[in-house]
$ cat final.tsv   # TSV, C-alpha atoms
chain	number	residue	atom	x	y	z
A	185	MET	CA	37.26	-14.03	23.48
A	186	SER	CA	37.84	-10.33	22.82
A	187	ALA	CA	37.64	-10.99	19.09
A	188	GLY	CA	34.26	-12.67	19.62
A	189	ARG	CA	33.04	-9.69	21.61
A	190	GLY	CA	34.29	-7.36	18.91
A	191	GLY	CA	32.39	-9.32	16.28
A	192	LEU	CA	29.25	-9.21	18.41
A	193	ARG	CA	29.59	-5.45	18.88
A	194	GLY	CA	30.06	-5.08	15.14
A	195	ARG	CA	26.85	-7.02	14.44
A	196	TRP	CA	24.95	-4.94	16.98
A	197	LYS	CA	26.21	-1.77	15.30
A	198	ILE	CA	24.83	-3.04	11.99
A	199	VAL	CA	21.47	-3.86	13.60
A	200	LEU	CA	21.28	-0.45	15.28
A	201	ALA	CA	22.25	1.28	12.04
A	202	PHE	CA	19.43	-0.55	10.26
A	203	LEU	CA	16.91	0.30	12.99
A	204	ALA	CA	17.86	3.98	12.72
A	205	VAL	CA	16.98	3.93	9.02
A	206	ALA	CA	14.09	1.43	9.03
A	207	GLY	CA	10.56	2.73	8.78
A	208	PRO	CA	9.70	4.20	5.37
A	209	GLY	CA	9.82	0.88	3.51
A	210	ILE	CA	8.06	-1.20	6.16
A	211	ILE	CA	5.37	1.42	6.74
A	212	THR	CA	4.71	2.08	3.04
A	213	SER	CA	4.33	-1.60	2.22
A	214	ASN	CA	2.11	-2.41	5.19
A	215	VAL	CA	-0.21	0.51	4.57
A	216	ASP	CA	-0.87	-1.10	1.21
A	217	ASN	CA	-2.86	-3.79	3.06
A	218	ASP	CA	-5.57	-1.19	3.61
A	219	ALA	CA	-9.36	-1.44	3.54
A	220	GLY	CA	-9.54	-1.63	-0.24
A	221	GLY	CA	-6.68	-4.10	-0.34
A	222	ILE	CA	-8.23	-6.38	2.28
A	223	ALA	CA	-11.53	-6.25	0.38
A	224	THR	CA	-9.72	-7.21	-2.83
A	225	TYR	CA	-7.81	-10.07	-1.19
A	226	SER	CA	-11.02	-11.29	0.47
A	227	MET	CA	-12.75	-11.33	-2.91
A	228	ALA	CA	-9.81	-13.12	-4.52
A	229	GLY	CA	-10.00	-15.87	-1.91
A	230	SER	CA	-13.79	-16.20	-1.77
A	231	HIS	CA	-14.31	-16.04	-5.55
A	232	PHE	CA	-11.32	-18.04	-6.81
A	233	GLY	CA	-10.06	-20.02	-3.82
A	234	TYR	CA	-6.31	-20.58	-3.86
A	235	GLY	CA	-6.26	-20.02	-7.64
A	236	LEU	CA	-4.62	-16.56	-7.59
A	237	LEU	CA	-2.20	-17.07	-4.69
A	238	TRP	CA	0.64	-17.65	-7.17
A	239	SER	CA	0.31	-14.08	-8.46
A	240	LEU	CA	1.47	-12.62	-5.14
A	241	LEU	CA	5.04	-13.86	-5.69
A	242	PRO	CA	5.72	-11.99	-8.97
A	243	ILE	CA	3.80	-9.01	-7.56
A	244	MET	CA	6.14	-9.04	-4.53
A	245	ALA	CA	9.19	-9.12	-6.81
A	246	ALA	CA	7.82	-6.19	-8.80
A	247	LEU	CA	7.12	-4.28	-5.57
A	248	ILE	CA	10.72	-4.74	-4.40
A	249	ILE	CA	12.11	-3.56	-7.74
A	250	ILE	CA	9.88	-0.47	-7.90
A	251	GLN	CA	10.31	0.60	-4.28
A	252	GLU	CA	14.07	0.11	-4.41
A	253	MET	CA	14.18	2.66	-7.24
A	254	SER	CA	12.12	5.10	-5.16
A	255	VAL	CA	14.46	4.77	-2.21
A	256	ARG	CA	17.54	5.13	-4.41
A	257	MET	CA	16.23	8.31	-6.02
A	258	GLY	CA	15.37	9.70	-2.59
A	259	VAL	CA	18.78	9.07	-1.00
A	260	VAL	CA	20.73	10.26	-4.06
A	261	THR	CA	18.77	13.42	-4.92
A	262	GLY	CA	17.30	14.37	-1.54
A	263	LYS	CA	14.05	15.22	-3.36
A	264	GLY	CA	10.59	13.72	-3.61
A	265	LEU	CA	9.26	12.06	-6.75
A	266	SER	CA	6.80	14.78	-7.81
A	267	ASP	CA	9.52	17.39	-7.23
A	268	LEU	CA	11.80	15.50	-9.64
A	269	ILE	CA	9.01	15.09	-12.20
A	270	ARG	CA	8.34	18.85	-12.15
A	271	GLU	CA	12.02	19.70	-12.60
A	272	ARG	CA	12.56	17.19	-15.41
A	273	PHE	CA	9.25	17.26	-17.33
A	274	GLY	CA	7.81	20.70	-16.54
A	275	VAL	CA	4.88	22.15	-14.64
A	276	LYS	CA	2.16	21.31	-17.20
A	277	ILE	CA	2.82	17.55	-17.16
A	278	THR	CA	3.18	17.65	-13.39
A	279	VAL	CA	-0.22	19.32	-12.96
A	280	TYR	CA	-1.92	16.67	-15.15
A	281	LEU	CA	-0.20	13.95	-13.14
A	282	LEU	CA	-1.14	15.55	-9.83
A	283	PHE	CA	-4.77	15.82	-10.89
A	284	GLY	CA	-4.96	12.14	-11.80
A	285	VAL	CA	-3.25	10.90	-8.66
A	286	ILE	CA	-5.28	13.21	-6.40
A	287	LEU	CA	-8.53	11.76	-7.78
A	288	THR	CA	-7.21	8.22	-7.31
A	289	ASN	CA	-5.97	8.93	-3.80
A	290	PHE	CA	-9.21	10.61	-2.78
A	291	GLY	CA	-11.07	7.47	-3.81
A	292	ASN	CA	-8.65	5.50	-1.66
A	293	VAL	CA	-9.16	7.82	1.33
A	294	ILE	CA	-12.92	7.32	1.07
A	295	ALA	CA	-12.26	3.57	0.95
A	296	GLU	CA	-10.29	3.75	4.22
A	297	PHE	CA	-13.12	5.45	6.08
A	298	ALA	CA	-15.49	2.93	4.52
A	299	GLY	CA	-13.27	0.29	6.11
A	300	VAL	CA	-13.51	2.02	9.50
A	301	ALA	CA	-17.29	2.19	9.22
A	302	SER	CA	-17.64	-1.42	8.07
A	303	SER	CA	-15.30	-2.90	10.69
A	304	LEU	CA	-16.86	-1.14	13.66
A	305	GLU	CA	-20.42	-1.78	12.48
A	306	ILE	CA	-19.58	-5.45	13.02
A	307	PHE	CA	-19.15	-4.54	16.70
A	308	ARG	CA	-22.39	-2.51	16.49
A	309	VAL	CA	-20.76	0.92	16.53
A	310	SER	CA	-22.56	3.42	14.30
A	311	ARG	CA	-20.57	4.96	11.46
A	312	PHE	CA	-21.90	8.35	12.55
A	313	LEU	CA	-19.78	7.90	15.67
A	314	SER	CA	-16.82	5.88	14.39
A	315	VAL	CA	-16.03	7.84	11.21
A	316	PRO	CA	-15.91	11.39	12.70
A	317	ALA	CA	-13.95	10.11	15.71
A	318	SER	CA	-11.41	8.33	13.51
A	319	ALA	CA	-11.06	11.40	11.24
A	320	VAL	CA	-10.23	13.60	14.24
A	321	LEU	CA	-7.81	10.96	15.57
A	322	VAL	CA	-5.75	10.65	12.39
A	323	TRP	CA	-5.80	14.43	11.86
A	324	LEU	CA	-4.44	15.10	15.35
A	325	LEU	CA	-1.78	12.41	14.96
A	326	VAL	CA	-0.19	14.09	11.94
A	327	VAL	CA	-0.91	17.78	12.57
A	328	LYS	CA	0.21	17.74	16.21
A	329	GLY	CA	3.05	15.23	15.87
A	330	THR	CA	6.58	15.19	14.49
A	331	TYR	CA	7.90	12.80	11.87
A	332	ARG	CA	9.63	10.72	14.55
A	333	SER	CA	6.54	10.41	16.75
A	334	VAL	CA	4.24	9.70	13.80
A	335	GLU	CA	6.61	7.04	12.46
A	336	LYS	CA	6.65	5.26	15.85
A	337	VAL	CA	2.85	5.10	15.86
A	338	PHE	CA	2.82	3.78	12.29
A	339	LEU	CA	5.42	1.11	13.06
A	340	PHE	CA	3.40	0.03	16.10
A	341	ALA	CA	0.30	-0.26	13.91
A	342	CYS	CA	2.23	-2.65	11.63
A	343	LEU	CA	2.38	-5.19	14.46
A	344	PHE	CA	-1.39	-5.67	14.42
A	345	TYR	CA	-1.31	-7.23	10.96
A	346	VAL	CA	-0.41	-10.44	12.80
A	347	THR	CA	-4.18	-10.79	13.38
A	348	TYR	CA	-4.51	-11.97	9.78
A	349	LEU	CA	-1.86	-14.63	10.28
A	350	ILE	CA	-3.72	-15.92	13.31
A	351	SER	CA	-7.01	-15.84	11.38
A	352	GLY	CA	-5.37	-17.88	8.64
A	353	VAL	CA	-4.24	-20.56	11.09
A	354	LEU	CA	-7.69	-20.69	12.71
A	355	ALA	CA	-9.26	-21.18	9.27
A	356	ARG	CA	-7.36	-24.50	8.91
A	357	PRO	CA	-6.43	-24.20	5.23
A	358	ASP	CA	-5.22	-27.09	3.09
A	359	TRP	CA	-1.47	-26.36	3.06
A	360	ALA	CA	-0.74	-29.08	0.50
A	361	GLU	CA	-3.24	-27.56	-1.92
A	362	ILE	CA	-1.79	-24.10	-1.27
A	363	GLY	CA	1.66	-25.43	-2.16
A	364	ARG	CA	0.38	-26.95	-5.40
A	365	SER	CA	-1.43	-23.74	-6.39
A	366	VAL	CA	1.77	-21.72	-5.93
A	367	VAL	CA	4.25	-24.19	-7.47
A	368	ALA	CA	2.04	-25.34	-10.37
A	369	PRO	CA	-0.55	-22.58	-10.83
A	370	SER	CA	-3.39	-22.46	-13.32
A	371	LEU	CA	-2.86	-19.47	-15.62
A	372	ASP	CA	-6.50	-19.32	-16.70
A	373	LEU	CA	-7.47	-15.61	-16.61
A	374	SER	CA	-11.03	-15.94	-17.84
A	375	GLY	CA	-14.28	-15.46	-15.94
A	376	GLY	CA	-13.32	-12.35	-14.02
A	377	ARG	CA	-9.83	-13.49	-13.05
A	378	MET	CA	-8.20	-10.86	-15.27
A	379	GLY	CA	-10.01	-8.04	-13.49
A	380	MET	CA	-9.14	-9.54	-10.12
A	381	LEU	CA	-5.48	-9.87	-11.13
A	382	VAL	CA	-5.36	-6.18	-12.08
A	383	GLY	CA	-7.03	-5.41	-8.76
A	384	LEU	CA	-4.37	-7.42	-6.91
A	385	VAL	CA	-1.61	-5.55	-8.73
A	386	GLY	CA	-3.31	-2.21	-8.09
A	387	THR	CA	-3.75	-2.80	-4.38
A	388	THR	CA	-0.27	-4.28	-3.80
A	389	ILE	CA	1.68	-1.78	-5.93
A	390	ALA	CA	-0.30	1.45	-5.63
A	391	PRO	CA	0.79	4.74	-7.28
A	392	TRP	CA	0.69	6.71	-4.00
A	393	MET	CA	3.29	4.39	-2.44
A	394	GLN	CA	6.14	5.66	-4.58
A	395	PHE	CA	5.43	9.29	-3.69
A	396	TYR	CA	5.10	8.63	0.04
A	397	LEU	CA	8.13	6.34	0.26
A	398	GLN	CA	10.46	8.78	-1.45
A	399	ALA	CA	9.10	11.73	0.56
A	400	ALA	CA	9.56	9.78	3.82
A	401	VAL	CA	13.16	8.92	2.90
A	402	VAL	CA	13.85	12.60	2.22
A	403	GLU	CA	12.14	13.82	5.40
A	404	LYS	CA	14.07	11.29	7.49
A	405	ASN	CA	17.31	12.61	5.95
A	406	ILE	CA	18.50	9.19	4.82
A	407	GLY	CA	21.63	9.62	2.72
A	408	VAL	CA	23.60	7.51	0.28
A	409	LYS	CA	25.67	6.00	3.13
A	410	GLU	CA	22.50	4.48	4.60
A	411	TYR	CA	21.23	3.24	1.24
A	412	LYS	CA	21.87	-0.47	1.88
A	413	HIS	CA	19.85	-0.30	5.10
A	414	ALA	CA	17.04	1.58	3.35
A	415	ARG	CA	17.04	-1.09	0.64
A	416	LEU	CA	16.74	-3.85	3.27
A	417	ASP	CA	13.85	-1.89	4.82
A	418	VAL	CA	12.06	-2.05	1.47
A	419	VAL	CA	12.73	-5.77	0.98
A	420	LEU	CA	11.46	-6.68	4.46
A	421	GLY	CA	8.37	-4.52	4.02
A	422	SER	CA	7.59	-6.13	0.67
A	423	ILE	CA	7.92	-9.64	2.09
A	424	VAL	CA	5.73	-8.86	5.10
A	425	VAL	CA	2.96	-7.26	3.04
A	426	THR	CA	2.91	-10.27	0.69
A	427	VAL	CA	2.72	-12.77	3.55
A	428	VAL	CA	-0.19	-10.87	5.13
A	429	ALA	CA	-1.98	-10.61	1.78
A	430	GLY	CA	-1.48	-14.32	1.20
A	431	PHE	CA	-2.98	-15.18	4.58
A	432	ILE	CA	-6.04	-13.04	3.88
A	433	VAL	CA	-6.56	-14.85	0.57
A	434	LEU	CA	-6.08	-18.31	2.04
A	435	THR	CA	-8.33	-17.54	5.03
A	436	CYS	CA	-11.21	-16.72	2.70
A	437	ALA	CA	-10.35	-19.54	0.31
A	438	ALA	CA	-10.31	-22.17	3.08
A	439	THR	CA	-13.67	-21.08	4.47
A	440	LEU	CA	-15.82	-18.92	2.20
A	441	PHE	CA	-14.83	-20.38	-1.18
A	442	LYS	CA	-15.15	-23.89	0.20
A	443	ALA	CA	-18.67	-23.07	1.45
A	444	GLY	CA	-19.66	-21.39	-1.83
A	445	ILE	CA	-19.91	-17.91	-0.24
A	446	ARG	CA	-18.78	-15.02	-2.46
A	447	VAL	CA	-18.23	-11.82	-0.47
A	448	GLU	CA	-17.84	-8.32	-1.87
A	449	THR	CA	-16.27	-6.55	1.14
A	450	ALA	CA	-13.81	-7.33	3.91
A	451	ALA	CA	-16.57	-6.70	6.47
A	452	ASP	CA	-18.77	-9.30	4.76
A	453	ALA	CA	-15.83	-11.70	4.94
A	454	ALA	CA	-15.39	-11.09	8.68
A	455	LEU	CA	-19.08	-11.73	9.34
A	456	ALA	CA	-19.19	-14.84	7.16
A	457	LEU	CA	-16.12	-16.32	8.89
A	458	ALA	CA	-17.90	-16.58	12.28
A	459	PRO	CA	-19.97	-19.74	11.61
A	460	LEU	CA	-17.24	-21.30	9.46
A	461	ALA	CA	-14.05	-20.62	11.45
A	462	GLY	CA	-15.30	-19.36	14.79
A	463	GLN	CA	-15.96	-16.04	16.51
A	464	TYR	CA	-12.27	-15.46	17.31
A	465	CYS	CA	-11.28	-15.73	13.65
A	466	SER	CA	-14.13	-13.38	12.68
A	467	ALA	CA	-13.26	-10.81	15.37
A	468	LEU	CA	-9.55	-10.87	14.51
A	469	PHE	CA	-10.35	-10.35	10.84
A	470	ALA	CA	-12.60	-7.38	11.69
A	471	PHE	CA	-10.02	-5.87	14.06
A	472	GLY	CA	-7.34	-6.19	11.38
A	473	LEU	CA	-9.62	-4.29	9.00
A	474	LEU	CA	-10.08	-1.49	11.55
A	475	ASN	CA	-6.35	-1.19	12.19
A	476	ALA	CA	-5.54	-1.21	8.47
A	477	SER	CA	-8.19	1.40	7.71
A	478	LEU	CA	-7.04	3.81	10.42
A	479	PHE	CA	-3.42	3.28	9.41
A	480	ALA	CA	-4.07	4.03	5.74
A	481	ALA	CA	-6.48	6.89	6.51
A	482	SER	CA	-3.45	8.63	8.05
A	483	ILE	CA	-0.93	7.78	5.34
A	484	LEU	CA	-2.89	8.28	2.12
A	485	PRO	CA	-3.83	11.95	2.71
A	486	LEU	CA	-0.25	12.49	3.89
A	487	SER	CA	1.11	10.96	0.70
A	488	THR	CA	-1.18	13.20	-1.37
A	489	ALA	CA	-0.11	16.30	0.54
A	490	PHE	CA	3.56	15.45	-0.08
A	491	LEU	CA	2.85	14.76	-3.75
A	492	VAL	CA	1.05	18.05	-4.43
A	493	CYS	CA	3.30	20.33	-2.38
A	494	GLU	CA	6.49	18.87	-3.84
A	495	GLY	CA	5.08	19.16	-7.35
A	496	MET	CA	4.07	22.79	-6.81
A	497	GLY	CA	7.22	23.73	-4.91
A	498	TRP	CA	5.39	24.48	-1.64
A	499	GLU	CA	6.70	23.91	1.86
A	500	ASN	CA	5.88	20.45	3.17
A	501	GLY	CA	6.73	17.99	5.92
A	502	VAL	CA	5.37	16.62	9.18
A	503	ASN	CA	8.20	18.29	11.08
A	504	LYS	CA	6.94	21.72	10.05
A	505	LYS	CA	4.22	23.64	11.87
A	506	PHE	CA	0.85	24.46	10.30
A	507	SER	CA	1.88	28.09	9.86
A	508	GLU	CA	5.10	27.03	8.09
A	509	ALA	CA	3.39	24.69	5.61
A	510	PRO	CA	-0.24	25.84	5.30
A	511	GLN	CA	-0.86	24.23	1.89
A	512	PHE	CA	0.53	20.91	3.10
A	513	TYR	CA	-1.59	20.71	6.24
A	514	GLY	CA	-4.57	22.36	4.55
A	515	LEU	CA	-4.69	19.69	1.83
A	516	TYR	CA	-4.16	16.92	4.39
A	517	SER	CA	-7.05	18.25	6.48
A	518	LEU	CA	-9.33	18.60	3.44
A	519	LEU	CA	-8.73	15.03	2.30
A	520	VAL	CA	-9.26	13.57	5.77
A	521	PHE	CA	-12.47	15.37	6.64
A	522	LEU	CA	-13.98	15.35	3.13
A	523	GLY	CA	-13.23	11.64	2.77
A	524	ALA	CA	-14.90	10.96	6.11
A	525	ALA	CA	-17.90	13.12	5.19
A	526	VAL	CA	-18.57	11.14	2.00
A	527	ILE	CA	-18.99	7.93	4.02
A	528	LEU	CA	-21.68	9.61	6.13
A	529	ILE	CA	-23.89	10.21	3.09
A	530	PRO	CA	-26.98	8.03	3.65
A	531	GLY	CA	-27.20	4.98	1.38
A	532	ILE	CA	-23.74	5.31	-0.18
A	533	PRO	CA	-22.57	1.87	-1.41
A	534	LEU	CA	-19.24	1.09	0.27
A	535	PHE	CA	-18.08	-1.84	-1.86
A	536	PRO	CA	-17.94	-0.09	-5.28
A	537	VAL	CA	-15.90	2.74	-3.75
A	538	MET	CA	-13.42	0.31	-2.18
A	539	TYR	CA	-12.98	-2.09	-5.10
A	540	VAL	CA	-13.02	0.41	-7.97
A	541	SER	CA	-10.33	2.47	-6.25
A	542	GLN	CA	-8.01	-0.56	-6.38
A	543	VAL	CA	-8.61	-1.18	-10.08
A	544	VAL	CA	-7.99	2.52	-10.82
A	545	ASN	CA	-4.68	2.13	-8.97
A	546	GLY	CA	-3.75	-0.61	-11.41
A	547	VAL	CA	-4.56	1.64	-14.37
A	548	VAL	CA	-2.64	4.70	-13.09
A	549	LEU	CA	0.41	2.75	-11.91
A	550	PRO	CA	2.06	2.20	-15.35
A	551	VAL	CA	2.12	5.96	-15.98
A	552	ILE	CA	3.98	6.52	-12.71
A	553	LEU	CA	6.38	3.70	-13.52
A	554	VAL	CA	7.37	5.26	-16.85
A	555	PHE	CA	8.21	8.57	-15.14
A	556	MET	CA	10.22	6.73	-12.47
A	557	LEU	CA	12.21	4.73	-15.00
A	558	LEU	CA	13.05	7.82	-17.07
A	559	LEU	CA	14.23	9.60	-13.92
A	560	VAL	CA	16.25	6.73	-12.45
A	561	ASN	CA	18.06	6.34	-15.79
A	562	ASP	CA	19.03	10.03	-15.95
A	563	ARG	CA	22.78	9.98	-15.28
A	564	LYS	CA	22.88	13.75	-14.79
A	565	LEU	CA	20.45	13.26	-11.94
A	566	MET	CA	21.56	9.90	-10.51
A	567	GLY	CA	25.24	9.73	-11.49
A	568	GLU	CA	26.76	6.33	-10.74
A	569	HIS	CA	23.53	5.30	-9.00
A	570	ALA	CA	21.51	5.27	-12.23
A	571	ASN	CA	20.03	1.93	-13.29
A	572	ARG	CA	22.48	-0.54	-14.74
A	573	ARG	CA	21.71	-2.55	-17.86
A	574	GLY	CA	20.60	-5.72	-16.05
A	575	LEU	CA	18.30	-3.86	-13.68
A	576	ASN	CA	16.91	-1.87	-16.60
A	577	VAL	CA	15.94	-5.06	-18.41
A	578	VAL	CA	14.08	-6.28	-15.32
A	579	SER	CA	12.53	-2.87	-14.58
A	580	TRP	CA	11.26	-2.16	-18.10
A	581	THR	CA	10.03	-5.74	-18.45
A	582	THR	CA	8.09	-5.35	-15.19
A	583	ALA	CA	6.62	-2.05	-16.34
A	584	GLY	CA	5.79	-3.52	-19.76
A	585	LEU	CA	3.98	-6.50	-18.23
A	586	LEU	CA	1.95	-4.24	-15.94
A	587	ILE	CA	1.01	-1.98	-18.86
A	588	ALA	CA	0.05	-4.98	-21.02
A	589	LEU	CA	-2.03	-6.44	-18.19
A	590	THR	CA	-3.86	-3.15	-17.72
A	591	VAL	CA	-4.55	-2.66	-21.45
A	592	LEU	CA	-5.81	-6.24	-21.81
A	593	TYR	CA	-8.13	-5.78	-18.86
A	594	LEU	CA	-9.55	-2.52	-20.27
A	595	LEU	CA	-10.11	-4.19	-23.65
A	596	LYS	CA	-11.97	-7.03	-21.93
A	597	LEU	CA	-13.96	-4.54	-19.89
A	598	THR	CA	-15.11	-2.70	-23.02
A	599	GLY	CA	-15.88	-5.94	-24.85
A	600	ILE	CA	-13.31	-5.35	-27.60
A	601	VAL	CA	-11.64	-8.73	-26.89
$ encode --input "final.tsv" --output "structure tokens"
Amino acid sequence: MSAGRGGLRGRWKIVLAFLAVAGPGIITSNVDNDAGGIATYSMAGSHFGYGLLWSLLPIMAALIIIQEMSVRMGVVTGKGLSDLIRERFGVKITVYLLFGVILTNFGNVIAEFAGVASSLEIFRVSRFLSVPASAVLVWLLVVKGTYRSVEKVFLFACLFYVTYLISGVLARPDWAEIGRSVVAPSLDLSGGRMGMLVGLVGTTIAPWMQFYLQAAVVEKNIGVKEYKHARLDVVLGSIVVTVVAGFIVLTCAATLFKAGIRVETAADAALALAPLAGQYCSALFAFGLLNASLFAASILPLSTAFLVCEGMGWENGVNKKFSEAPQFYGLYSLLVFLGAAVILIPGIPLFPVMYVSQVVNGVVLPVILVFMLLLVNDRKLMGEHANRRGLNVVSWTTAGLLIALTVLYLLKLTGIV
């Protein structure tokens, strides 16, 4: 009996140890189902039905591989990714990299506030009220909070992604057809499918994720002893984000694609769902968009602030006060309020901003992957935790496939092939 109790206590200790570490991986992955991501998944389902569902499985595997390397570098070195890039490759390369990622991230921030505006306009709330209010809300959350308090809010926000699972059930999809599309997929990438596939990769494995994840691991002081729990955090987060993405695709495939309705935004999808799947499904879809947009509108500027301040060697971190890290909080504030202001420009088209930002993610990602792989293979930096041969084969193959996919898409876009 006592042995049984001892085993139970041991299991509880493991669970508690995991809960103490969990957060960075789950949060980073779930934020990736943001306004632009939901728009992309909605388009994938409404334009191509269940045809691209299969792609989410290899994308999930790639996400796990990439984020595991981020976590491992964070726990071993105690430094963020842009900090390591500056130390290894120099300031000039770092500045070029920072410039490119800042532009990409700013487009993503605008997309999040576009999501806020679109979702609340469904409930007849003007963007001139919703966008400024949401900007102030996310700014106060980070500037006035600590890492622990901010992380709790972010983890709570993750729970609301269940709305997409419920929407998927209410849409009554053809589960047998879904199974066939995943097990025996059509690999036809013509007629816009190539661009959509790059968009799916770009929204599921975004460049900003690697910078935020590693910075969060460092700020939470997760060490090598907690690595296995941090790795599990990443795996769970990657699985959850893929399941949610899949349900968004199948919801739109089962309703919009079947009815011949091609939407261009997540808000359009929410509105179109009402007569096809009911008001509850439509409202849940819209609420999920609002939650995702607010969630990402907090994280993306934060990720950018970490990225720039680490790369430039400036003080950074949510646990620091504004006076202790003025560049960090100043950049965060600029991105939040400038991103919100862009959405208030009369007549600005929301869809191009949201979708193009995801495709740009897919183009920038391979560059980040190359830097990561060079760093994680540096034995002076990583010691015994550097990539082993088997993992290197998988990692470089993943990076090579993503690069090839991006190049092929750009060639198609320019009409060369």
$ atom_distance --input "final.tsv" --atom1 "atom CA of A:Ala476" --atom2 "atom CA of A:Ile532"
21.2 Å
$ residues_around --input "final.tsv" --residues "A:Ala317" --least-positions-apart "4" --cutoff "12 Å" --atoms "all atoms listed in the file" --output "list in words"
Phe297, Val300, Ala301, Leu304, Val309, Ser310, Arg311, Phe312, Leu313, Leu321, Val322, Trp323, Leu324, Leu478, Val520, Phe521, Ala524 and Ala525 of chain A
$ atom_distance --input "final.tsv" --atom1 "atom CA of A:Asp452" --atom2 "atom CA of A:Val526"
20.6 Å
$ atom_distance --input "final.tsv" --atom1 "atom CA of A:Leu549" --atom2 "atom CA of A:Leu586"
8.2 Å
$ axis_aligned_box --input "final.tsv" --around "stretch 483-492 of chain A" --padding-each-side "5 Å" --output "lines of an AutoDock Vina configuration file"
center_x = -0.1
center_y = 12.9
center_z = 0.5
size_x = 17.4
size_y = 20.3
size_z = 19.8
$ closest_residue --input "final.tsv" --among "A:Glu494, A:Asp358, A:Asp562, A:Glu508" --to "A:Cys436" --atoms "all atoms listed in the file"
A:Asp358
$ build_atoms --input "final.tsv" --residues "stretch 440-451 of chain A" --atoms "N, CA and C atoms" --output "PDB file, in the coordinates of the input"
ATOM      1  N   LEU A 440     -14.736 -19.460   3.008  1.00  0.00           N
ATOM      2  CA  LEU A 440     -15.820 -18.920   2.200  1.00  0.00           C
ATOM      3  C   LEU A 440     -15.933 -19.609   0.852  1.00  0.00           C
ATOM      4  N   PHE A 441     -14.808 -19.724   0.131  1.00  0.00           N
ATOM      5  CA  PHE A 441     -14.830 -20.380  -1.180  1.00  0.00           C
ATOM      6  C   PHE A 441     -15.287 -21.826  -1.061  1.00  0.00           C
ATOM      7  N   LYS A 442     -14.790 -22.484  -0.034  1.00  0.00           N
ATOM      8  CA  LYS A 442     -15.150 -23.890   0.200  1.00  0.00           C
ATOM      9  C   LYS A 442     -16.646 -24.045   0.466  1.00  0.00           C
ATOM     10  N   ALA A 443     -17.237 -23.029   1.118  1.00  0.00           N
ATOM     11  CA  ALA A 443     -18.670 -23.070   1.450  1.00  0.00           C
ATOM     12  C   ALA A 443     -19.537 -22.461   0.350  1.00  0.00           C
ATOM     13  N   GLY A 444     -18.905 -21.983  -0.725  1.00  0.00           N
ATOM     14  CA  GLY A 444     -19.660 -21.390  -1.830  1.00  0.00           C
ATOM     15  C   GLY A 444     -20.179 -19.994  -1.535  1.00  0.00           C
ATOM     16  N   ILE A 445     -19.487 -19.273  -0.616  1.00  0.00           N
ATOM     17  CA  ILE A 445     -19.910 -17.910  -0.240  1.00  0.00           C
ATOM     18  C   ILE A 445     -18.988 -16.908  -0.929  1.00  0.00           C
ATOM     19  N   ARG A 446     -19.553 -16.050  -1.751  1.00  0.00           N
ATOM     20  CA  ARG A 446     -18.780 -15.020  -2.460  1.00  0.00           C
ATOM     21  C   ARG A 446     -19.065 -13.666  -1.806  1.00  0.00           C
ATOM     22  N   VAL A 447     -18.056 -13.103  -1.152  1.00  0.00           N
ATOM     23  CA  VAL A 447     -18.230 -11.820  -0.470  1.00  0.00           C
ATOM     24  C   VAL A 447     -17.755 -10.703  -1.376  1.00  0.00           C
ATOM     25  N   GLU A 448     -18.227  -9.485  -1.089  1.00  0.00           N
ATOM     26  CA  GLU A 448     -17.840  -8.320  -1.870  1.00  0.00           C
ATOM     27  C   GLU A 448     -17.074  -7.292  -1.039  1.00  0.00           C
ATOM     28  N   THR A 449     -17.010  -7.470   0.275  1.00  0.00           N
ATOM     29  CA  THR A 449     -16.270  -6.550   1.140  1.00  0.00           C
ATOM     30  C   THR A 449     -15.544  -7.341   2.208  1.00  0.00           C
ATOM     31  N   ALA A 450     -14.538  -6.699   2.821  1.00  0.00           N
ATOM     32  CA  ALA A 450     -13.810  -7.330   3.910  1.00  0.00           C
ATOM     33  C   ALA A 450     -14.720  -7.524   5.125  1.00  0.00           C
ATOM     34  N   ALA A 451     -15.644  -6.580   5.341  1.00  0.00           N
ATOM     35  CA  ALA A 451     -16.570  -6.700   6.470  1.00  0.00           C
ATOM     36  C   ALA A 451     -17.493  -7.904   6.285  1.00  0.00           C
TER      37      ALA A 451
END
